Structure formats: C-alpha cells, structure tokens
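Containing PDB, C-alpha atoms, pLDDT in the B column: my_file30.pdb.
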ATOM      1  CA  ALA A   1      15.284  -1.331   9.739  1.00 84.00           C
ATOM      2  CA  ALA A   2      16.738   2.194   9.337  1.00 84.00           C
ATOM      3  CA  VAL A   3      20.458   2.800   9.746  1.00 85.00           C
ATOM      4  CA  GLY A   4      19.968   6.435  10.773  1.00 83.00           C
ATOM      5  CA  LEU A   5      17.430   5.551  13.465  1.00 88.00           C
ATOM      6  CA  SER A   6      19.683   2.800  14.799  1.00 94.00           C
ATOM      7  CA  TRP A   7      22.248   5.408  15.875  1.00 93.00           C
ATOM      8  CA  LYS A   8      19.549   7.088  17.965  1.00 94.00           C
ATOM      9  CA  LYS A   9      18.061   3.840  19.324  1.00 96.00           C
ATOM     10  CA  PRO A  10      20.840   1.221  19.424  1.00 97.00           C
ATOM     11  CA  ILE A  11      19.353  -0.761  22.327  1.00 97.00           C
ATOM     12  CA  GLU A  12      15.910  -0.995  20.719  1.00 97.00           C
ATOM     13  CA  THR A  13      17.543  -1.948  17.398  1.00 97.00           C
ATOM     14  CA  PHE A  14      19.514  -4.768  19.001  1.00 96.00           C
ATOM     15  CA  SER A  15      16.509  -5.988  20.991  1.00 97.00           C
ATOM     16  CA  ALA A  16      14.199  -6.169  17.972  1.00 96.00           C
ATOM     17  CA  ASN A  17      16.657  -7.586  15.460  1.00 97.00           C
ATOM     18  CA  VAL A  18      18.672 -10.005  17.607  1.00 97.00           C
ATOM     19  CA  PHE A  19      16.346 -11.137  20.388  1.00 97.00           C
ATOM     20  CA  GLY A  20      13.320 -11.005  18.083  1.00 96.00           C
ATOM     21  CA  GLY A  21      15.228 -13.037  15.511  1.00 96.00           C
ATOM     22  CA  ILE A  22      16.293 -15.652  18.046  1.00 97.00           C
ATOM     23  CA  ASN A  23      12.653 -16.057  19.096  1.00 97.00           C
ATOM     24  CA  ILE A  24      11.775 -16.822  15.469  1.00 95.00           C
ATOM     25  CA  LEU A  25      14.640 -19.323  15.174  1.00 97.00           C
ATOM     26  CA  ASP A  26      13.494 -21.086  18.365  1.00 97.00           C
ATOM     27  CA  MET A  27       9.907 -21.318  17.126  1.00 96.00           C
ATOM     28  CA  ALA A  28      11.106 -22.676  13.778  1.00 96.00           C
ATOM     29  CA  LYS A  29      13.177 -25.282  15.623  1.00 96.00           C
ATOM     30  CA  GLU A  30      10.113 -26.395  17.589  1.00 96.00           C
ATOM     31  CA  ALA A  31       8.050 -26.571  14.375  1.00 95.00           C
ATOM     32  CA  GLY A  32      10.150 -29.483  13.152  1.00 91.00           C
ATOM     33  CA  ASP A  33      12.326 -30.566  10.253  1.00 88.00           C
ATOM     34  CA  ASP A  34       9.911 -29.466   7.534  1.00 90.00           C
ATOM     35  CA  CYS A  35       9.964 -25.823   8.621  1.00 95.00           C
ATOM     36  CA  ARG A  36      11.817 -23.609   6.140  1.00 95.00           C
ATOM     37  CA  ILE A  37      12.975 -20.138   7.145  1.00 96.00           C
ATOM     38  CA  VAL A  38      14.628 -17.229   5.354  1.00 97.00           C
ATOM     39  CA  ILE A  39      16.522 -14.887   7.649  1.00 97.00           C
ATOM     40  CA  VAL A  40      16.859 -11.426   6.097  1.00 96.00           C
ATOM     41  CA  SER A  41      20.252 -10.018   7.002  1.00 96.00           C
ATOM     42  CA  THR A  42      21.926  -6.963   5.482  1.00 95.00           C
ATOM     43  CA  ALA A  43      24.725  -5.952   3.154  1.00 93.00           C
ATOM     44  CA  GLU A  44      25.469  -3.193   5.654  1.00 90.00           C
ATOM     45  CA  GLY A  45      27.389  -5.874   7.532  1.00 94.00           C
ATOM     46  CA  TYR A  46      30.042  -6.251   4.842  1.00 94.00           C
ATOM     47  CA  GLU A  47      33.428  -4.561   5.044  1.00 91.00           C
ATOM     48  CA  PRO A  48      33.826  -1.742   2.460  1.00 81.00           C
ATOM     49  CA  SER A  49      35.100  -3.267  -0.770  1.00 79.00           C
ATOM     50  CA  GLU A  50      36.951  -0.288  -2.298  1.00 76.00           C
ATOM     51  CA  GLY A  51      34.679  -0.143  -5.317  1.00 78.00           C
ATOM     52  CA  LYS A  52      34.543  -3.877  -6.046  1.00 89.00           C
ATOM     53  CA  PRO A  53      31.290  -5.870  -6.109  1.00 95.00           C
ATOM     54  CA  ILE A  54      30.682  -7.667  -2.818  1.00 96.00           C
ATOM     55  CA  ASP A  55      30.043 -11.403  -2.928  1.00 97.00           C
ATOM     56  CA  GLU A  56      28.919 -13.734  -0.140  1.00 97.00           C
ATOM     57  CA  GLN A  57      32.516 -14.624   0.768  1.00 96.00           C
ATOM     58  CA  SER A  58      33.421 -10.996   1.487  1.00 96.00           C
ATOM     59  CA  LYS A  59      34.502 -10.128   5.012  1.00 95.00           C
ATOM     60  CA  LEU A  60      31.876  -9.034   7.532  1.00 96.00           C
ATOM     61  CA  TYR A  61      32.734  -5.844   9.402  1.00 94.00           C
ATOM     62  CA  PRO A  62      29.519  -4.023  10.446  1.00 94.00           C
ATOM     63  CA  SER A  63      30.027  -0.324  11.197  1.00 90.00           C
ATOM     64  CA  ASN A  64      26.662   0.903  12.503  1.00 93.00           C
ATOM     65  CA  PRO A  65      24.206  -0.337  15.173  1.00 96.00           C
ATOM     66  CA  TYR A  66      21.714  -1.663  12.616  1.00 96.00           C
ATOM     67  CA  ALA A  67      24.388  -3.635  10.760  1.00 96.00           C
ATOM     68  CA  ILE A  68      25.823  -5.002  14.010  1.00 97.00           C
ATOM     69  CA  SER A  69      22.401  -6.264  15.089  1.00 98.00           C
ATOM     70  CA  LYS A  70      21.594  -7.908  11.754  1.00 97.00           C
ATOM     71  CA  THR A  71      25.046  -9.483  11.460  1.00 97.00           C
ATOM     72  CA  ALA A  72      24.678 -10.906  14.955  1.00 97.00           C
ATOM     73  CA  LEU A  73      21.458 -12.623  13.849  1.00 97.00           C
ATOM     74  CA  ASP A  74      23.266 -13.778  10.705  1.00 96.00           C
ATOM     75  CA  PHE A  75      25.786 -15.634  12.900  1.00 96.00           C
ATOM     76  CA  PHE A  76      23.062 -16.987  15.195  1.00 97.00           C
ATOM     77  CA  SER A  77      21.211 -18.358  12.162  1.00 97.00           C
ATOM     78  CA  LEU A  78      24.234 -20.188  10.774  1.00 97.00           C
ATOM     79  CA  THR A  79      24.930 -21.576  14.244  1.00 97.00           C
ATOM     80  CA  TYR A  80      21.356 -22.892  14.522  1.00 97.00           C
ATOM     81  CA  TYR A  81      21.656 -24.444  11.068  1.00 97.00           C
ATOM     82  CA  LYS A  82      24.796 -26.329  12.081  1.00 96.00           C
ATOM     83  CA  ALA A  83      23.613 -27.262  15.580  1.00 96.00           C
ATOM     84  CA  TYR A  84      20.070 -28.378  14.742  1.00 96.00           C
ATOM     85  CA  ASN A  85      20.253 -29.169  10.998  1.00 95.00           C
ATOM     86  CA  MET A  86      17.474 -26.649  10.301  1.00 96.00           C
ATOM     87  CA  GLN A  87      16.348 -25.502   6.859  1.00 97.00           C
ATOM     88  CA  ILE A  88      17.682 -21.973   7.304  1.00 98.00           C
ATOM     89  CA  LYS A  89      18.625 -19.806   4.327  1.00 98.00           C
ATOM     90  CA  ILE A  90      20.007 -16.262   4.692  1.00 98.00           C
ATOM     91  CA  SER A  91      19.696 -13.238   2.464  1.00 98.00           C
ATOM     92  CA  ARG A  92      22.106 -10.343   2.748  1.00 97.00           C
ATOM     93  CA  SER A  93      19.971  -7.656   1.231  1.00 96.00           C
ATOM     94  CA  PHE A  94      21.168  -4.399  -0.261  1.00 95.00           C
ATOM     95  CA  ASN A  95      19.056  -1.216  -0.439  1.00 93.00           C
ATOM     96  CA  HIS A  96      15.504  -1.754  -1.591  1.00 94.00           C
ATOM     97  CA  ILE A  97      13.053   0.929  -2.639  1.00 97.00           C
ATOM     98  CA  GLY A  98       9.586   1.360  -4.084  1.00 97.00           C
ATOM     99  CA  PRO A  99       6.100   2.815  -3.671  1.00 96.00           C
ATOM    100  CA  GLU A 100       4.703   2.674  -0.116  1.00 95.00           C
ATOM    101  CA  GLN A 101       8.143   2.700   1.514  1.00 95.00           C
ATOM    102  CA  SER A 102       7.937   4.617   4.775  1.00 90.00           C
ATOM    103  CA  GLU A 103       9.730   7.832   5.598  1.00 87.00           C
ATOM    104  CA  GLY A 104      13.272   7.649   6.928  1.00 84.00           C
ATOM    105  CA  PHE A 105      14.707   6.057   3.774  1.00 90.00           C
ATOM    106  CA  VAL A 106      16.493   8.202   1.226  1.00 93.00           C
ATOM    107  CA  VAL A 107      14.362   7.713  -1.903  1.00 96.00           C
ATOM    108  CA  SER A 108      11.086   7.938  -0.006  1.00 96.00           C
ATOM    109  CA  ASP A 109      12.277  11.101   1.762  1.00 95.00           C
ATOM    110  CA  PHE A 110      13.265  12.743  -1.526  1.00 96.00           C
ATOM    111  CA  ALA A 111      10.000  11.767  -3.211  1.00 97.00           C
ATOM    112  CA  LYS A 112       7.850  13.062  -0.348  1.00 97.00           C
ATOM    113  CA  GLN A 113       9.655  16.411  -0.296  1.00 96.00           C
ATOM    114  CA  ILE A 114       9.248  16.838  -4.063  1.00 97.00           C
ATOM    115  CA  ALA A 115       5.547  15.950  -3.841  1.00 97.00           C
ATOM    116  CA  GLN A 116       5.115  18.559  -1.084  1.00 97.00           C
ATOM    117  CA  ILE A 117       6.898  21.156  -3.219  1.00 97.00           C
ATOM    118  CA  GLU A 118       4.602  20.405  -6.158  1.00 96.00           C
ATOM    119  CA  LYS A 119       1.546  20.943  -3.925  1.00 96.00           C
ATOM    120  CA  GLY A 120       2.915  24.273  -2.708  1.00 94.00           C
ATOM    121  CA  ILE A 121       3.033  23.222   0.948  1.00 94.00           C
ATOM    122  CA  LYS A 122       6.833  23.267   1.097  1.00 94.00           C
ATOM    123  CA  LYS A 123       9.420  25.715  -0.179  1.00 94.00           C
ATOM    124  CA  PRO A 124      11.236  24.501  -3.342  1.00 95.00           C
ATOM    125  CA  GLU A 125      14.054  23.001  -1.271  1.00 94.00           C
ATOM    126  CA  VAL A 126      15.000  19.355  -0.793  1.00 94.00           C
ATOM    127  CA  HIS A 127      16.919  18.645   2.413  1.00 93.00           C
ATOM    128  CA  VAL A 128      19.497  15.894   1.943  1.00 93.00           C
ATOM    129  CA  GLY A 129      22.339  14.020   3.613  1.00 86.00           C
ATOM    130  CA  ASN A 130      25.382  12.581   1.841  1.00 88.00           C
ATOM    131  CA  LEU A 131      24.720  12.767  -1.903  1.00 91.00           C
ATOM    132  CA  LYS A 132      28.078  11.294  -2.943  1.00 91.00           C
ATOM    133  CA  ALA A 133      27.468   7.816  -1.535  1.00 89.00           C
ATOM    134  CA  LYS A 134      26.981   5.104  -4.168  1.00 91.00           C
ATOM    135  CA  ARG A 135      24.500   2.345  -3.420  1.00 92.00           C
ATOM    136  CA  ASP A 136      22.920  -0.747  -4.959  1.00 95.00           C
ATOM    137  CA  PHE A 137      19.133  -0.184  -5.196  1.00 97.00           C
ATOM    138  CA  LEU A 138      16.552  -2.864  -5.993  1.00 97.00           C
ATOM    139  CA  ASP A 139      12.787  -2.580  -6.387  1.00 98.00           C
ATOM    140  CA  VAL A 140      11.021  -4.063  -3.357  1.00 97.00           C
ATOM    141  CA  ARG A 141       8.938  -6.307  -5.649  1.00 98.00           C
ATOM    142  CA  ASP A 142      12.156  -7.822  -7.003  1.00 98.00           C
ATOM    143  CA  VAL A 143      13.298  -8.246  -3.396  1.00 98.00           C
ATOM    144  CA  ALA A 144      10.101 -10.084  -2.460  1.00 98.00           C
ATOM    145  CA  SER A 145      10.528 -12.315  -5.508  1.00 98.00           C
ATOM    146  CA  ALA A 146      14.111 -13.047  -4.441  1.00 98.00           C
ATOM    147  CA  TYR A 147      12.976 -14.111  -0.959  1.00 98.00           C
ATOM    148  CA  LYS A 148      10.411 -16.474  -2.487  1.00 98.00           C
ATOM    149  CA  HIS A 149      13.083 -17.961  -4.750  1.00 98.00           C
ATOM    150  CA  ILE A 150      15.451 -18.417  -1.794  1.00 98.00           C
ATOM    151  CA  MET A 151      12.698 -20.065   0.255  1.00 98.00           C
ATOM    152  CA  ASP A 152      11.734 -22.471  -2.521  1.00 97.00           C
ATOM    153  CA  ARG A 153      15.064 -23.187  -4.211  1.00 98.00           C
ATOM    154  CA  GLY A 154      17.858 -21.923  -1.970  1.00 98.00           C
ATOM    155  CA  LYS A 155      20.137 -24.376  -0.204  1.00 97.00           C
ATOM    156  CA  PRO A 156      19.978 -24.597   3.626  1.00 97.00           C
ATOM    157  CA  GLY A 157      22.990 -23.054   5.335  1.00 97.00           C
ATOM    158  CA  ASN A 158      23.699 -20.813   2.347  1.00 98.00           C
ATOM    159  CA  VAL A 159      23.858 -17.020   2.188  1.00 98.00           C
ATOM    160  CA  TYR A 160      22.510 -15.114  -0.830  1.00 98.00           C
ATOM    161  CA  ASN A 161      23.077 -11.514  -1.805  1.00 98.00           C
ATOM    162  CA  VAL A 162      19.829  -9.829  -2.882  1.00 98.00           C
ATOM    163  CA  CYS A 163      20.859  -6.917  -5.066  1.00 97.00           C
ATOM    164  CA  SER A 164      20.859  -5.406  -8.552  1.00 97.00           C
ATOM    165  CA  ALA A 165      24.656  -5.837  -8.987  1.00 96.00           C
ATOM    166  CA  LYS A 166      24.825  -2.162 -10.063  1.00 94.00           C
ATOM    167  CA  PHE A 167      25.416   1.041  -8.139  1.00 94.00           C
ATOM    168  CA  ILE A 168      24.106   4.567  -8.527  1.00 96.00           C
ATOM    169  CA  MET A 169      25.121   7.764  -6.731  1.00 95.00           C
ATOM    170  CA  ILE A 170      22.504   9.211  -4.378  1.00 95.00           C
ATOM    171  CA  GLU A 171      22.895  12.541  -6.162  1.00 95.00           C
ATOM    172  CA  ASP A 172      21.833  10.899  -9.437  1.00 97.00           C
ATOM    173  CA  ILE A 173      18.779   9.397  -7.722  1.00 96.00           C
ATOM    174  CA  LEU A 174      17.768  12.906  -6.659  1.00 96.00           C
ATOM    175  CA  LYS A 175      18.375  14.315 -10.142  1.00 95.00           C
ATOM    176  CA  LYS A 176      16.149  11.618 -11.675  1.00 97.00           C
ATOM    177  CA  LEU A 177      13.336  12.361  -9.226  1.00 97.00           C
ATOM    178  CA  ILE A 178      13.575  16.113  -9.860  1.00 96.00           C
ATOM    179  CA  SER A 179      13.516  15.456 -13.614  1.00 96.00           C
ATOM    180  CA  PHE A 180      10.094  13.785 -13.125  1.00 96.00           C
ATOM    181  CA  SER A 181       8.776  16.833 -11.290  1.00 95.00           C
ATOM    182  CA  LYS A 182       6.628  19.651 -12.602  1.00 85.00           C
ATOM    183  CA  VAL A 183       8.814  22.031 -10.574  1.00 92.00           C
ATOM    184  CA  LYS A 184      12.329  22.353 -11.996  1.00 80.00           C
ATOM    185  CA  ASP A 185      13.833  25.152  -9.885  1.00 90.00           C
ATOM    186  CA  ILE A 186      14.450  23.142  -6.710  1.00 94.00           C
ATOM    187  CA  SER A 187      17.326  23.975  -4.352  1.00 93.00           C
ATOM    188  CA  ILE A 188      19.381  21.299  -2.580  1.00 91.00           C
ATOM    189  CA  ILE A 189      20.054  21.905   1.128  1.00 92.00           C
ATOM    190  CA  ILE A 190      22.562  19.786   3.061  1.00 86.00           C
ATOM    191  CA  ASP A 191      20.995  18.831   6.400  1.00 79.00           C
ATOM    192  CA  ASP A 192      23.457  17.814   9.128  1.00 70.00           C
ATOM    193  CA  ASP A 193      20.733  15.758  10.843  1.00 73.00           C
ATOM    194  CA  LYS A 194      20.593  13.496   7.781  1.00 67.00           C
ATOM    195  CA  LEU A 195      24.344  12.779   7.782  1.00 62.00           C
ATOM    196  CA  ARG A 196      25.500   9.519   9.364  1.00 61.00           C
ATOM    197  CA  PRO A 197      28.438   9.320  11.800  1.00 63.00           C
ATOM    198  CA  VAL A 198      29.938   6.591   9.574  1.00 54.00           C
ATOM    199  CA  ASP A 199      28.992   6.214   5.904  1.00 64.00           C
ATOM    200  CA  ASN A 200      30.725   3.958   3.373  1.00 70.00           C
ATOM    201  CA  GLU A 201      31.497   5.597   0.017  1.00 80.00           C
ATOM    202  CA  ILE A 202      30.362   2.755  -2.249  1.00 85.00           C
ATOM    203  CA  VAL A 203      28.429  -0.449  -1.601  1.00 86.00           C
ATOM    204  CA  TYR A 204      27.164  -2.766  -4.324  1.00 93.00           C
ATOM    205  CA  GLY A 205      26.786  -6.481  -4.638  1.00 96.00           C
ATOM    206  CA  ASP A 206      27.388  -9.557  -6.747  1.00 97.00           C
ATOM    207  CA  ASN A 207      24.121 -11.450  -7.331  1.00 98.00           C
ATOM    208  CA  SER A 208      25.519 -14.327  -9.383  1.00 98.00           C
ATOM    209  CA  LYS A 209      25.004 -16.919  -6.622  1.00 98.00           C
ATOM    210  CA  ILE A 210      21.265 -16.371  -6.184  1.00 98.00           C
ATOM    211  CA  LYS A 211      20.830 -16.410  -9.959  1.00 98.00           C
ATOM    212  CA  LYS A 212      22.741 -19.695 -10.252  1.00 98.00           C
ATOM    213  CA  HIS A 213      21.060 -21.483  -7.323  1.00 98.00           C
ATOM    214  CA  THR A 214      17.472 -20.260  -7.763  1.00 98.00           C
ATOM    215  CA  GLY A 215      17.034 -18.796 -11.257  1.00 98.00           C
ATOM    216  CA  TRP A 216      15.963 -15.410  -9.852  1.00 98.00           C
ATOM    217  CA  ALA A 217      16.619 -12.167 -11.754  1.00 97.00           C
ATOM    218  CA  PRO A 218      15.375  -8.579 -11.209  1.00 97.00           C
ATOM    219  CA  VAL A 219      12.833  -7.169 -13.653  1.00 97.00           C
ATOM    220  CA  TYR A 220      12.077  -3.588 -12.539  1.00 97.00           C
ATOM    221  CA  SER A 221      14.116  -0.627 -13.840  1.00 96.00           C
ATOM    222  CA  ILE A 222      15.373   2.086 -11.488  1.00 96.00           C
ATOM    223  CA  ASP A 223      13.560   4.822 -13.454  1.00 97.00           C
ATOM    224  CA  ASP A 224      10.205   3.033 -13.245  1.00 97.00           C
ATOM    225  CA  THR A 225      10.639   2.433  -9.521  1.00 98.00           C
ATOM    226  CA  LEU A 226      11.528   6.065  -8.821  1.00 98.00           C
ATOM    227  CA  LEU A 227       8.579   7.395 -10.801  1.00 98.00           C
ATOM    228  CA  GLU A 228       6.152   5.017  -9.073  1.00 98.00           C
ATOM    229  CA  THR A 229       7.545   6.075  -5.682  1.00 98.00           C
ATOM    230  CA  LEU A 230       7.081   9.745  -6.540  1.00 97.00           C
ATOM    231  CA  ASN A 231       3.530   9.090  -7.772  1.00 97.00           C
ATOM    232  CA  TYR A 232       2.759   7.270  -4.522  1.00 97.00           C
ATOM    233  CA  TRP A 233       3.815  10.314  -2.489  1.00 97.00           C
ATOM    234  CA  ARG A 234       1.862  12.622  -4.802  1.00 97.00           C
ATOM    235  CA  GLU A 235      -1.283  10.669  -3.844  1.00 97.00           C
ATOM    236  CA  ILE A 236      -0.426  10.699  -0.144  1.00 94.00           C
ATOM    237  CA  VAL A 237       0.387  14.413  -0.045  1.00 93.00           C
TER     238      VAL A 237
END
Can you give me the file's structure in the form of structure tokens?
Amino acid sequence: AAVGLSWKKPIETFSANVFGGINILDMAKEAGDDCRIVIVSTAEGYEPSEGKPIDEQSKLYPSNPYAISKTALDFFSLTYYKAYNMQIKISRSFNHIGPEQSEGFVVSDFAKQIAQIEKGIKKPEVHVGNLKAKRDFLDVRDVASAYKHIMDRGKPGNVYNVCSAKFIMIEDILKKLISFSKVKDISIIIDDDKLRPVDNEIVYGDNSKIKKHTGWAPVYSIDDTLLETLNYWREIV
C-alpha cells in the first residue's frame, strides 16, 4: 500500500494488488448475484490536475508502481462489472491517516520521530522527504465509514472519490505535529531516501459524488487526527 515501497518492490506490488485483486473478483463472481464488493483503488492513479480538485471523470495516468497496480485492478473491476453484471463499486481513495497507521507513511513517520525525540532516544531532528507536496488527508475512521456507505448505498459500476476535498502542505502537517510536542527546538533534515523519483506537486479530490449518492460526510478534523496519531506513537515508544 506504500508508494515509496512500490518503487523498491514493483513486482511484489503488482502481484499483490492485481493478481490478489483478481482472485477476489473471481471469488465474488462465484458467490453469486447477491455478493456486493467494494474495490479500493487509489487517487494516485489520476493525472495531475494543476491545482484543481479531481473528480471521478478526471483522466487516469498513474506515475508510480503502486498507482499502476491499483489502476490496473480498477480497470479489471469495471470490466468484470460489465461482463458479469456484478455488484462492484470502486473507491478511489486519497491519503488516509490516523492512530495505529504503520510506519512508511508520512504522518506516522513524523509522529514516531517526534515521540522518540520526546523520550530522549533520538536527537531533536526529524528526517523528511518532500515537504512542499500538497495532499488531501482524511481520517481513517472517515475512510472506513465511506467504504460502508459505498457498500450499502453506492451504485454498482460507479467510482467514488474518498477524500476530504481539501489539501494541506506536508510542511504544515509537520509544523502542526511539532506544535503539539513538548520539545520545540526540533531541526528538519531532508533525507534523500525519503524522496520519490516522481512526486506530484498537488493532489486533492472532489467528494461531491459520494455525498450525493450515499449521504456520507467526514467528521474528524485534521488537528484531532494528528494529535491522536502522535499520542499513539507516544504510547508505543
């Protein structure tokens, strides 16, 4: 599920996401007409929108191994829907965050480093990648709620963006997390290993379709989510 890891393990990424996904589609097909399925695809598959919100009609142009694999399953899913009249709904999910998210994702990485600094087991330095990227972040509990709404009320053969419809710069995410910390004098170190070969400047979505079709709406604020994520890593560390 991690873009950065997909560059290091493209074959494993494709195998898990495409072949694993096809296995699920085949099992759903065998289960019969009553079987509903939500395929979770990714907003990483969209073409950069030059600062405009991305809706479900936007062009697909995946630019990393993870996005390529998920977009391939996206196409497979729509093909199965048309060929077998299956109850398949698709989400194209933007970045989601929250407590208990594993390492390898930007907010979780920042929060863990800050928690380690507070405990005195790490120098007061946070190692980062591209801080200027702007992304659409959504609390994972809002994401789970969106999937339930799509499953229950979404229309088969339809694609739904799962997003906050707002963007925030990664640098501002880091500043918010540091502002919650007991340690204020924290240095920022650019780490080349955390930089991606290709990284879009701004990605954020339009969530009007899922709201209209299912009645879903996000409820968690970005500040609350960030603080809960930091508190989670404080307990772990």
Using only C-alpha atoms, pick whichever of A:Ser108, A:Asn85, A:Ser221, A:Asn200 has the shortest atom-to-atom distance to Gly45 of chain A.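 With only C-alpha atoms as the atom set, the closest residue is A:Asn200.
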One decimal, Å: what's the distance from atom CA of Ala16 of chain A over to atom CA of Tyr66 of chain A, could you say?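 About the pair atom CA of Ala16 of chain A and atom CA of Tyr66 of chain A: they are 10.3 Å apart.
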So which residues get picked by the PyMOL selection byres ((chain A and resi 106) around 12) here, written as a PyMOL selection string? chain A and resi 2-4+95-98+101-105+107-113+126-131+133+135+137+169-171+173-174+177+194-195+226+229
Residue nearest Ile37 of chain A among A:Ser145, A:Ser187, A:Ser181, A:Gln87 (counting only C-alpha atoms): A:Gln87
Selection near Lys212 of chain A, 10 Å with all atoms listed in the file, sequence-local residues under 5 positions removed, as JSON, numbers by chain: {"A": [154, 207, 217]}
Using only C-alpha atoms: which of A:Phe180, A:Tyr220, A:Phe75, A:Tyr204 has the shortest distance to Arg234 of chain A: A:Phe180
So which residues get picked by the PyMOL selection byres ((chain A and resi 157) around 7) here, written as a CSV table (one decimal) with C-alpha atoms, in the coordinates of the input?
chain,number,residue,atom,x,y,z
A,78,LEU,CA,24.2,-20.2,10.8
A,81,TYR,CA,21.7,-24.4,11.1
A,88,ILE,CA,17.7,-22.0,7.3
A,89,LYS,CA,18.6,-19.8,4.3
A,155,LYS,CA,20.1,-24.4,-0.2
A,156,PRO,CA,20.0,-24.6,3.6
A,158,ASN,CA,23.7,-20.8,2.3
A,159,VAL,CA,23.9,-17.0,2.2
Reference answer for the PyMOL selection byres ((chain A and resi 205) around 8), as a ChimeraX atom specification: /A:53-55,94,136,161-166,203-204,206-207
Might you pull out every residue within 10 Å of segment 27-31 of chain A, with all atoms listed in the file counted and same-chain residues fewer than 2 positions away left off, and present them as a ChimeraX atom specification? /A:21-25,33-37,80-81,84-88
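Between Leu138 of chain A and the candidates A:Asn231, A:Asp224, A:Lys175, A:Ala115, the tightest atom-to-atom separation, counting only C-alpha atoms, involves A:Asp224.
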Between atom CA of Lys122 of chain A and atom CA of Leu5 of chain A, distance in Å (one decimal):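 Taking atom CA of Lys122 of chain A as the start and atom CA of Leu5 of chain A as the end point, the length is 24.1 Å.
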Please give the centre and size of the box around segment 115-134 of chain A (axis-aligned, containing every atom listed in the file, 8 Å added per side), with values in Å to one decimal and written as AutoDock Vina command-line options.
--center_x 14.8 --center_y 15.4 --center_z -1.3 --size_x 42.5 --size_y 36.6 --size_z 25.8
Residue nearest Ile68 of chain A among A:Pro218, A:Gly51, A:Pro10, A:Pro124 (counting all atoms listed in the file): A:Pro10
Selection near Ser69 of chain A, 12 Å with only C-alpha atoms, sequence-local residues under 5 positions removed, as a ChimeraX atom specification: /A:1-3,6-7,9-22,40-42,44-45,61-64,74-76
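If only C-alpha atoms are the atoms counted, then among A:Ile188, A:Ile39, A:Ile168, A:Ile121 the closest residue to Arg92 of chain A is A:Ile39.
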